[in-house]
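Just below is one structure, and these are the notes that go with it.
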Amino acid sequence: MLGCVIHGRGDLRVAELPVPEPGPGQALVAVRYGGVCGSDLHYWRHGGVGDFRLREPMVLGHEVVGTVVGYGPGAAGPAPGTAVAVHPATPCGVCPECAGGRRHVCRDTRYLGSAARFPHVQGGFAARVVVPAEQVRPLPPGLGLRRAALAEPLSVALHAVRRAGDARGRHVLVTGAGPIGCLVVAAAKAAGAADVTVTDLLPEALEYARVAGAGTVVRADDPDDAGWPGEVDVAVEASGVAAGLDACLRRVRRGGVVVQLGMLPPGHSSFAGNLVVSREIELRGAFRFDTEFDEALALLAVEPVFDGLVSAVVPVGDAESAFVLAADRSRSCKVLLDFAPSP
């Protein structure tokens with residue numbers, strides 16, 4: 001079977017891999033689509049994500065959907081042939097975080113396609129993948145595999161909006177109109193936000209934010225500060241750069257909430273921290289998700305706007321061109337790899 005393996009910075013290979021067999025408690029899934037995530041791009045371009053560095057070859061991918069093939073001993077779930085999405089996280093279940101109901105920050109979690117631990121956790125960019133059976137979710141009626149491939153990043157967005165508190169009737173600012181930023185827009189609107197303003201440097205990215213439901217889009221480098229609607233109630237930083245966080249702190253109202261969602265570069269990042277004090281701003285982090293995965297599938301099943309965020313579907317044999325396209329935000333939003341067998 002074909003899989004996408006990262007060997008180091010700039011070294012992405014499509015290789016023949018052995019077909020796995022499901023062990024006790026596991027499900028075997030035939031992957032149809034895999035979404036290229038920002039973390040996948042970081043492994044490809046930089047050899048790591050934040051403090052997580054590649055130390056061995058690793059199959060990439062954690063945004064995967066497909067159909068059930070079968071189960072290992074003692075495992076059960078949706079019948080073979082059922083269309084499913086795969087929750088990529090396997091929390092330990094025993095650490096203080098898991099016991100406290102925050103499994104998404106489990107200190108010993110396993111996450112598909114992650115170099116956070118060694119040996120690395122191999123990912124889902126392969127024609128077949130084995131996962132714990134309880135992480136397989138049948139798709140709701142009416143939800144196709146193509147749109148369902150957005151479930152994992154939409155879960156991230158839903159968790160970030162939840163971290164911001166009650167969004168109903170609020171004005172939300174999102175800095176960064178990449179795939180996650182656009183999904184935060186959709187998540188905020190679904191949560192009842194009255195308006196969403198999005199900033200980015202690229203006009204093409206801002207058009208995708210409009211598709212997702214943004215009421216106002218602003219060029220982040222506009223020297224005349226034109227288009228800004230005034231103070232916002234909540235800000236979600238989704239660009240992963242310190243300038244985005246700084247903008248959030250300067251634009252949110254006194255006593256407002258800023259959620260840092262984008263992964264900042266390793267080391268120190270400078271921002272206007274004094275505003276956290278003088279305006280009593282609440283600065284909160286948002287990392288991955290937990291039960292939001294099921295909420296994401298339910299939302300995807302009823303909201304066709306998400307189709308407009310899938311900008312390309314590329315056969316797995318052309319994986320490197322898919323990564324090049326996904327890295328060019330002037331030409332793409334969410335890029336999917338297609339693992340369907342060649343005719």
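Chain labels run A, B, ... following the order of the structure tokens; each chain numbers its residues from 1, and ligands are numbered from 1 in the order shown.
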Secondary structure check, strand (DSSP E) residues of range 44-293 of chain A, as a VMD selection string: chain A and resid 48 to 49 52 to 53 58 to 59 64 to 71 83 to 86 89 to 90 110 to 111 128 to 132 136 to 138 171 to 175 195 to 200 216 to 219 232 to 237 252 to 260 282 to 285
Emit the selected residues as an mmCIF file, in the first residue's frame, including C-alpha atoms.
data_model
loop_
_atom_site.group_PDB
_atom_site.id
_atom_site.type_symbol
_atom_site.label_atom_id
_atom_site.label_comp_id
_atom_site.auth_asym_id
_atom_site.auth_seq_id
_atom_site.Cartn_x
_atom_site.Cartn_y
_atom_site.Cartn_z
ATOM 1 C CA GLY A 48 9.636 19.543 13.187
ATOM 2 C CA VAL A 49 6.735 21.392 14.799
ATOM 3 C CA PHE A 52 8.756 18.361 18.398
ATOM 4 C CA ARG A 53 11.645 17.354 16.097
ATOM 5 C CA MET A 58 7.387 8.978 10.190
ATOM 6 C CA VAL A 59 4.136 8.502 8.292
ATOM 7 C CA VAL A 64 -8.210 10.990 7.909
ATOM 8 C CA VAL A 65 -11.515 9.473 6.850
ATOM 9 C CA GLY A 66 -12.385 6.243 5.077
ATOM 10 C CA THR A 67 -14.273 2.972 5.511
ATOM 11 C CA VAL A 68 -14.031 0.184 8.051
ATOM 12 C CA VAL A 69 -12.246 -2.945 6.809
ATOM 13 C CA GLY A 70 -12.365 -5.085 9.935
ATOM 14 C CA TYR A 71 -11.425 -5.503 13.590
ATOM 15 C CA ALA A 83 -17.891 5.376 6.195
ATOM 16 C CA VAL A 84 -16.031 6.711 9.238
ATOM 17 C CA ALA A 85 -13.822 9.486 10.547
ATOM 18 C CA VAL A 86 -10.866 8.728 12.801
ATOM 19 C CA ALA A 89 -5.836 11.097 19.818
ATOM 20 C CA THR A 90 -5.251 8.210 22.215
ATOM 21 C CA ARG A 110 -0.477 9.333 21.413
ATOM 22 C CA TYR A 111 -1.490 11.403 18.383
ATOM 23 C CA ARG A 128 -4.717 1.373 5.453
ATOM 24 C CA VAL A 129 -4.384 2.472 9.060
ATOM 25 C CA VAL A 130 -4.884 0.676 12.370
ATOM 26 C CA VAL A 131 -6.349 2.632 15.303
ATOM 27 C CA PRO A 132 -8.088 1.823 18.598
ATOM 28 C CA VAL A 136 -13.629 5.273 14.849
ATOM 29 C CA ARG A 137 -16.764 7.383 14.346
ATOM 30 C CA PRO A 138 -19.493 6.566 11.794
ATOM 31 C CA HIS A 171 -17.962 40.358 17.999
ATOM 32 C CA VAL A 172 -15.078 37.946 17.370
ATOM 33 C CA LEU A 173 -11.716 38.782 15.807
ATOM 34 C CA VAL A 174 -9.700 36.018 14.122
ATOM 35 C CA THR A 175 -6.097 36.750 13.135
ATOM 36 C CA ASP A 195 -20.046 39.263 13.728
ATOM 37 C CA VAL A 196 -16.607 37.948 12.871
ATOM 38 C CA THR A 197 -13.699 40.067 11.649
ATOM 39 C CA VAL A 198 -10.699 38.341 10.086
ATOM 40 C CA THR A 199 -7.233 39.699 9.353
ATOM 41 C CA ASP A 200 -4.559 38.302 7.065
ATOM 42 C CA THR A 216 -15.495 41.891 7.788
ATOM 43 C CA VAL A 217 -12.042 41.149 6.392
ATOM 44 C CA VAL A 218 -9.028 43.406 6.886
ATOM 45 C CA ARG A 219 -5.538 43.404 5.422
ATOM 46 C CA VAL A 232 -14.027 43.299 19.692
ATOM 47 C CA ASP A 233 -15.265 41.150 22.560
ATOM 48 C CA VAL A 234 -13.202 38.041 21.796
ATOM 49 C CA ALA A 235 -10.066 37.450 19.732
ATOM 50 C CA VAL A 236 -8.689 34.132 18.489
ATOM 51 C CA GLU A 237 -5.081 34.171 17.310
ATOM 52 C CA VAL A 252 -9.932 43.295 22.217
ATOM 53 C CA ARG A 253 -11.965 45.368 24.650
ATOM 54 C CA ARG A 254 -11.036 45.862 28.278
ATOM 55 C CA GLY A 255 -11.857 42.701 30.176
ATOM 56 C CA GLY A 256 -12.080 40.749 26.911
ATOM 57 C CA VAL A 257 -10.739 37.296 26.100
ATOM 58 C CA VAL A 258 -7.856 36.379 23.777
ATOM 59 C CA VAL A 259 -7.361 32.728 22.795
ATOM 60 C CA GLN A 260 -3.934 31.716 21.489
ATOM 61 C CA GLU A 282 -7.834 37.062 29.833
ATOM 62 C CA LEU A 283 -5.231 35.250 27.719
ATOM 63 C CA ARG A 284 -6.054 31.558 27.237
ATOM 64 C CA GLY A 285 -4.415 28.765 25.302
#
Ser269 in chain A surroundings by only C-alpha atoms, 8 Å radius, close-in-sequence under 4 positions cut, as number ranges by chain: A: 242, 264-265
Mind writing the picked residues with C-alpha atoms as a compact mmCIF listing (two decimals), in the first residue's frame?
# COMPACT_ATOMS: atom_id res chain seq x y z
CA ALA A 242 3.64 37.03 17.62
CA LEU A 264 4.02 30.13 18.03
CA PRO A 265 7.65 29.53 17.03
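In this model, the gap between CA of Ala243 in chain A and CA of Val184 in chain A comes to 18.6 Å.
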Exercise: Val310 in chain A partners within 7 Å, only C-alpha atoms, chain neighbours under 5 positions left out, as a PyMOL selection string: chain A and resi 333-335
Can I get the selection written as a PDB file, in the first residue's frame, with C-alpha atoms?
ATOM      1  CA  CYS A 333      -7.209  26.659   1.725  1.00  0.00           C
ATOM      2  CA  LYS A 334      -7.572  22.977   2.644  1.00  0.00           C
ATOM      3  CA  VAL A 335      -5.867  20.418   0.400  1.00  0.00           C
TER       4      VAL A 335
END
Select from range 118-209 of chain A every residue with an atom at most 7 Å from any atom of range 300-303 of chain A, then for each give the shortest pair of atoms and their distance in Å to one decimal, using only C-alpha atoms, rows by chain and rising number, as a tab-separated table.
residue	atom	partner	partner_atom	distance
A:Pro140	CA	A:Ala301	CA	6.4
A:Gly142	CA	A:Ala301	CA	5.9
A:Leu143	CA	A:Ala301	CA	4.7
A:Arg147	CA	A:Leu300	CA	6.9
A:Ala148	CA	A:Leu300	CA	6.7
